[in-house]
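Source file: upload36.txt. Holds: compact mmCIF, C-alpha atoms.
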# COMPACT_ATOMS: atom_id res chain seq x y z
CA MET A 157 77.08 123.88 153.29
CA ASN A 158 75.82 126.59 150.97
CA ALA A 159 74.46 125.46 147.59
CA ILE A 160 74.89 128.91 146.06
CA THR A 161 78.10 129.47 144.13
CA ASP A 162 79.61 132.37 142.26
CA GLU A 163 82.58 132.93 139.97
CA THR A 164 84.98 132.90 142.88
CA THR A 165 83.96 129.41 144.00
CA VAL A 166 83.37 127.65 140.69
CA PRO A 167 86.54 126.14 139.21
CA GLN A 168 87.47 127.50 135.82
CA THR A 169 87.24 124.96 133.00
CA ALA A 170 89.74 124.57 130.19
CA LEU A 171 87.22 126.21 127.84
CA ASP A 172 86.87 129.16 130.22
CA ARG A 173 90.64 129.58 130.29
CA LEU A 174 90.83 129.31 126.50
CA ARG A 175 88.12 131.95 126.08
CA ASP A 176 89.68 134.26 128.66
CA ARG A 177 93.08 133.96 126.98
CA ALA A 178 91.58 134.71 123.56
CA ILE A 179 89.84 137.79 124.95
CA SER A 180 93.04 138.93 126.65
CA ASP A 181 95.08 138.41 123.47
CA TYR A 182 92.58 140.35 121.37
CA LEU A 183 92.53 143.24 123.80
CA ALA A 184 96.34 143.25 123.98
CA VAL A 185 96.56 143.59 120.21
CA SER A 186 94.03 146.43 120.26
CA ARG A 187 95.78 148.29 123.07
CA ASN A 188 99.22 147.94 121.53
CA VAL A 189 98.55 149.17 118.01
CA GLY A 190 101.66 151.35 118.22
CA VAL A 191 104.09 148.43 118.51
CA TYR A 192 103.40 147.13 115.02
CA SER A 193 105.72 148.16 112.21
CA SER A 194 102.86 148.93 109.85
CA THR A 195 99.12 149.17 109.67
CA ASP A 196 99.08 145.95 107.66
CA ASP A 197 100.98 144.11 110.40
CA TYR A 198 98.56 145.41 113.01
CA LEU A 199 95.53 144.46 110.93
CA ALA A 200 96.91 140.94 110.38
CA ALA A 201 97.52 140.51 114.12
CA GLU A 202 94.08 141.86 114.94
CA GLU A 203 92.46 139.47 112.47
CA ARG A 204 94.33 136.47 113.91
CA ALA A 205 93.37 137.45 117.45
CA TRP A 206 89.74 137.97 116.44
CA ASP A 207 89.66 134.57 114.71
CA ARG A 208 91.04 132.88 117.85
CA LEU A 209 88.43 134.65 119.96
CA GLU A 210 85.59 133.62 117.67
CA ALA A 211 86.83 130.01 117.62
CA ALA A 212 87.01 129.90 121.42
CA LEU A 213 83.49 131.30 121.75
CA GLN A 214 82.15 128.82 119.20
CA ARG A 215 83.76 125.89 121.04
CA ALA A 216 82.21 127.05 124.30
CA ARG A 217 78.78 127.38 122.63
CA ARG A 218 79.02 123.88 121.17
CA VAL A 219 79.92 122.42 124.57
CA GLU A 220 77.06 124.28 126.27
CA GLU A 221 74.59 123.20 123.60
CA SER A 222 75.66 119.56 123.84
CA ALA A 223 75.29 119.71 127.63
CA LEU A 224 71.74 120.99 127.25
CA ALA A 225 70.73 118.30 124.74

Using structure tokens, write down the structure that the file contains.
Amino acid sequence: MNAITDETTVPQTALDRLRDRAISDYLAVSRNVGVYSSTDDYLAAEERAWDRLEAALQRARRVEESALA
């Protein structure tokens, strides 16, 4: 048995999935600027997506920090 693991062998945690989804959502908003009816609508969507991304990253940091303590 090999003790070395990589991203393909380590199961993804709920926090990893939450972070990955937030990143994907943010990038989708950025890539699809043309689908919004106005600049204000786009900016509001971008802000919401950014806030979700920041929240996901902060949750992951808190979990990592508590695991190290």

Fill in: Two-atom distance - CA of Arg175 (chain A), CA of Ser193 (chain A) (Å)
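So the two atoms, CA of Arg175 (chain A) and CA of Ser193 (chain A), lie 27.7 Å apart.
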
Worksheet entry | Counting all atoms listed in the file, the option among A:Leu209, A:Ala216, A:Val189, A:Leu224 closest to Thr169 (chain A) |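 Nearest to Thr169 (chain A): A:Ala216.
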
Worksheet item: For the atom pair CA of Arg173 (chain A) and CA of Asn188 (chain A), what is the interatomic distance in Å to one decimal place?
Response: 22.1 Å

So that I can check the surroundings of Ala200 (chain A), please list as a short mmCIF file (atom, residue, chain, number, x, y, z; two decimals) with C-alpha atoms, in the coordinates of the input every protein, DNA and RNA residue that reaches within 12 Å of it, counting all atoms listed in the file and ignoring chain neighbours fewer than 6 positions away.
data_model
loop_
_atom_site.label_atom_id
_atom_site.label_comp_id
_atom_site.auth_asym_id
_atom_site.auth_seq_id
_atom_site.Cartn_x
_atom_site.Cartn_y
_atom_site.Cartn_z
CA TYR A 182 92.58 140.35 121.37
CA VAL A 185 96.56 143.59 120.21
CA SER A 186 94.03 146.43 120.26
CA VAL A 189 98.55 149.17 118.01
CA TYR A 192 103.40 147.13 115.02
CA SER A 193 105.72 148.16 112.21
CA SER A 194 102.86 148.93 109.85
CA TRP A 206 89.74 137.97 116.44
CA ASP A 207 89.66 134.57 114.71
#

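Nearest to Glu210 (chain A) of all the residues A:Ala184, A:Ile179, A:Val191, A:Leu171 is A:Ile179, counting all atoms listed in the file.
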
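Ranking A:Arg208, A:Arg217, A:Thr195, A:Gln168 by their shortest atom-to-atom distance to Ser180 (chain A), with all atoms listed in the file included, puts A:Arg208 first.
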
Take every atom of region 170-177 of chain A listed in the file, fit an axis-aligned box around them, add 8 Å per side, and give the centre and edge lengths in Å to one decimal as JSON.
{"center_x": 90.0, "center_y": 129.4, "center_z": 128.2, "size_x": 22.2, "size_y": 25.7, "size_z": 20.2}

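The interatomic distance for the pair CA of Asp181 (chain A) and CA of Leu213 (chain A) works out to 13.7 Å.
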
Complete region 163-199 of chain A at the level of N, CA and C atoms, written as a CSV table (one decimal), in the coordinates of the input.
chain,number,residue,atom,x,y,z
A,163,GLU,N,81.4,133.1,140.8
A,163,GLU,CA,82.6,132.9,140.0
A,163,GLU,C,83.8,132.7,140.8
A,164,THR,N,83.8,133.1,142.0
A,164,THR,CA,85.0,132.9,142.9
A,164,THR,C,85.1,131.5,143.4
A,165,THR,N,84.0,130.7,143.4
A,165,THR,CA,84.0,129.4,144.0
A,165,THR,C,83.9,128.3,143.0
A,166,VAL,N,83.5,128.6,141.7
A,166,VAL,CA,83.4,127.6,140.7
A,166,VAL,C,84.7,127.5,140.0
A,167,PRO,N,85.3,126.3,139.9
A,167,PRO,CA,86.5,126.1,139.2
A,167,PRO,C,86.4,126.5,137.7
A,168,GLN,N,87.5,127.1,137.2
A,168,GLN,CA,87.5,127.5,135.8
A,168,GLN,C,87.8,126.3,135.0
A,169,THR,N,87.0,126.1,133.9
A,169,THR,CA,87.2,125.0,133.0
A,169,THR,C,88.3,125.3,132.0
A,170,ALA,N,88.8,124.3,131.3
A,170,ALA,CA,89.7,124.6,130.2
A,170,ALA,C,89.1,125.5,129.1
A,171,LEU,N,87.9,125.3,128.8
A,171,LEU,CA,87.2,126.2,127.8
A,171,LEU,C,87.1,127.6,128.3
A,172,ASP,N,86.9,127.8,129.6
A,172,ASP,CA,86.9,129.2,130.2
A,172,ASP,C,88.2,129.8,130.1
A,173,ARG,N,89.3,129.0,130.4
A,173,ARG,CA,90.6,129.6,130.3
A,173,ARG,C,91.0,129.9,128.9
A,174,LEU,N,90.6,129.1,127.9
A,174,LEU,CA,90.8,129.3,126.5
A,174,LEU,C,90.1,130.6,126.0
A,175,ARG,N,88.9,130.7,126.4
A,175,ARG,CA,88.1,132.0,126.1
A,175,ARG,C,88.7,133.2,126.7
A,176,ASP,N,89.1,133.1,128.0
A,176,ASP,CA,89.7,134.3,128.7
A,176,ASP,C,91.0,134.7,128.0
A,177,ARG,N,91.8,133.7,127.6
A,177,ARG,CA,93.1,134.0,127.0
A,177,ARG,C,92.9,134.6,125.6
A,178,ALA,N,91.9,134.1,124.9
A,178,ALA,CA,91.6,134.7,123.6
A,178,ALA,C,91.1,136.2,123.7
A,179,ILE,N,90.3,136.4,124.7
A,179,ILE,CA,89.8,137.8,125.0
A,179,ILE,C,91.0,138.7,125.3
A,180,SER,N,91.9,138.2,126.2
A,180,SER,CA,93.0,138.9,126.6
A,180,SER,C,94.0,139.2,125.5
A,181,ASP,N,94.2,138.2,124.6
A,181,ASP,CA,95.1,138.4,123.5
A,181,ASP,C,94.5,139.5,122.5
A,182,TYR,N,93.2,139.4,122.3
A,182,TYR,CA,92.6,140.4,121.4
A,182,TYR,C,92.7,141.8,121.9
A,183,LEU,N,92.4,141.9,123.2
A,183,LEU,CA,92.5,143.2,123.8
A,183,LEU,C,94.0,143.7,123.8
A,184,ALA,N,94.9,142.8,124.0
A,184,ALA,CA,96.3,143.2,124.0
A,184,ALA,C,96.7,143.8,122.6
A,185,VAL,N,96.3,143.1,121.6
A,185,VAL,CA,96.6,143.6,120.2
A,185,VAL,C,96.0,145.0,120.0
A,186,SER,N,94.7,145.1,120.4
A,186,SER,CA,94.0,146.4,120.3
A,186,SER,C,94.7,147.6,121.0
A,187,ARG,N,95.1,147.3,122.2
A,187,ARG,CA,95.8,148.3,123.1
A,187,ARG,C,97.2,148.7,122.6
A,188,ASN,N,97.8,147.7,121.9
A,188,ASN,CA,99.2,147.9,121.5
A,188,ASN,C,99.4,148.2,120.0
A,189,VAL,N,98.5,148.9,119.4
A,189,VAL,CA,98.6,149.2,118.0
A,189,VAL,C,99.9,149.8,117.6
A,190,GLY,N,100.4,150.6,118.5
A,190,GLY,CA,101.7,151.4,118.2
A,190,GLY,C,102.9,150.5,118.1
A,191,VAL,N,102.9,149.3,118.5
A,191,VAL,CA,104.1,148.4,118.5
A,191,VAL,C,104.3,147.7,117.2
A,192,TYR,N,103.3,147.8,116.3
A,192,TYR,CA,103.4,147.1,115.0
A,192,TYR,C,104.1,148.0,114.0
A,193,SER,N,104.9,147.4,113.1
A,193,SER,CA,105.7,148.2,112.2
A,193,SER,C,104.9,148.8,111.1
A,194,SER,N,103.7,148.3,110.9
A,194,SER,CA,102.9,148.9,109.8
A,194,SER,C,101.4,148.7,110.2
A,195,THR,N,100.6,149.4,109.5
A,195,THR,CA,99.1,149.2,109.7
A,195,THR,C,98.7,147.8,109.2
A,196,ASP,N,99.4,147.3,108.1
A,196,ASP,CA,99.1,146.0,107.7
A,196,ASP,C,99.4,144.9,108.7
A,197,ASP,N,100.6,145.1,109.4
A,197,ASP,CA,101.0,144.1,110.4
A,197,ASP,C,100.0,144.1,111.5
A,198,TYR,N,99.6,145.3,111.9
A,198,TYR,CA,98.6,145.4,113.0
A,198,TYR,C,97.3,144.7,112.6
A,199,LEU,N,96.8,145.0,111.4
A,199,LEU,CA,95.5,144.5,110.9
A,199,LEU,C,95.6,142.9,110.8
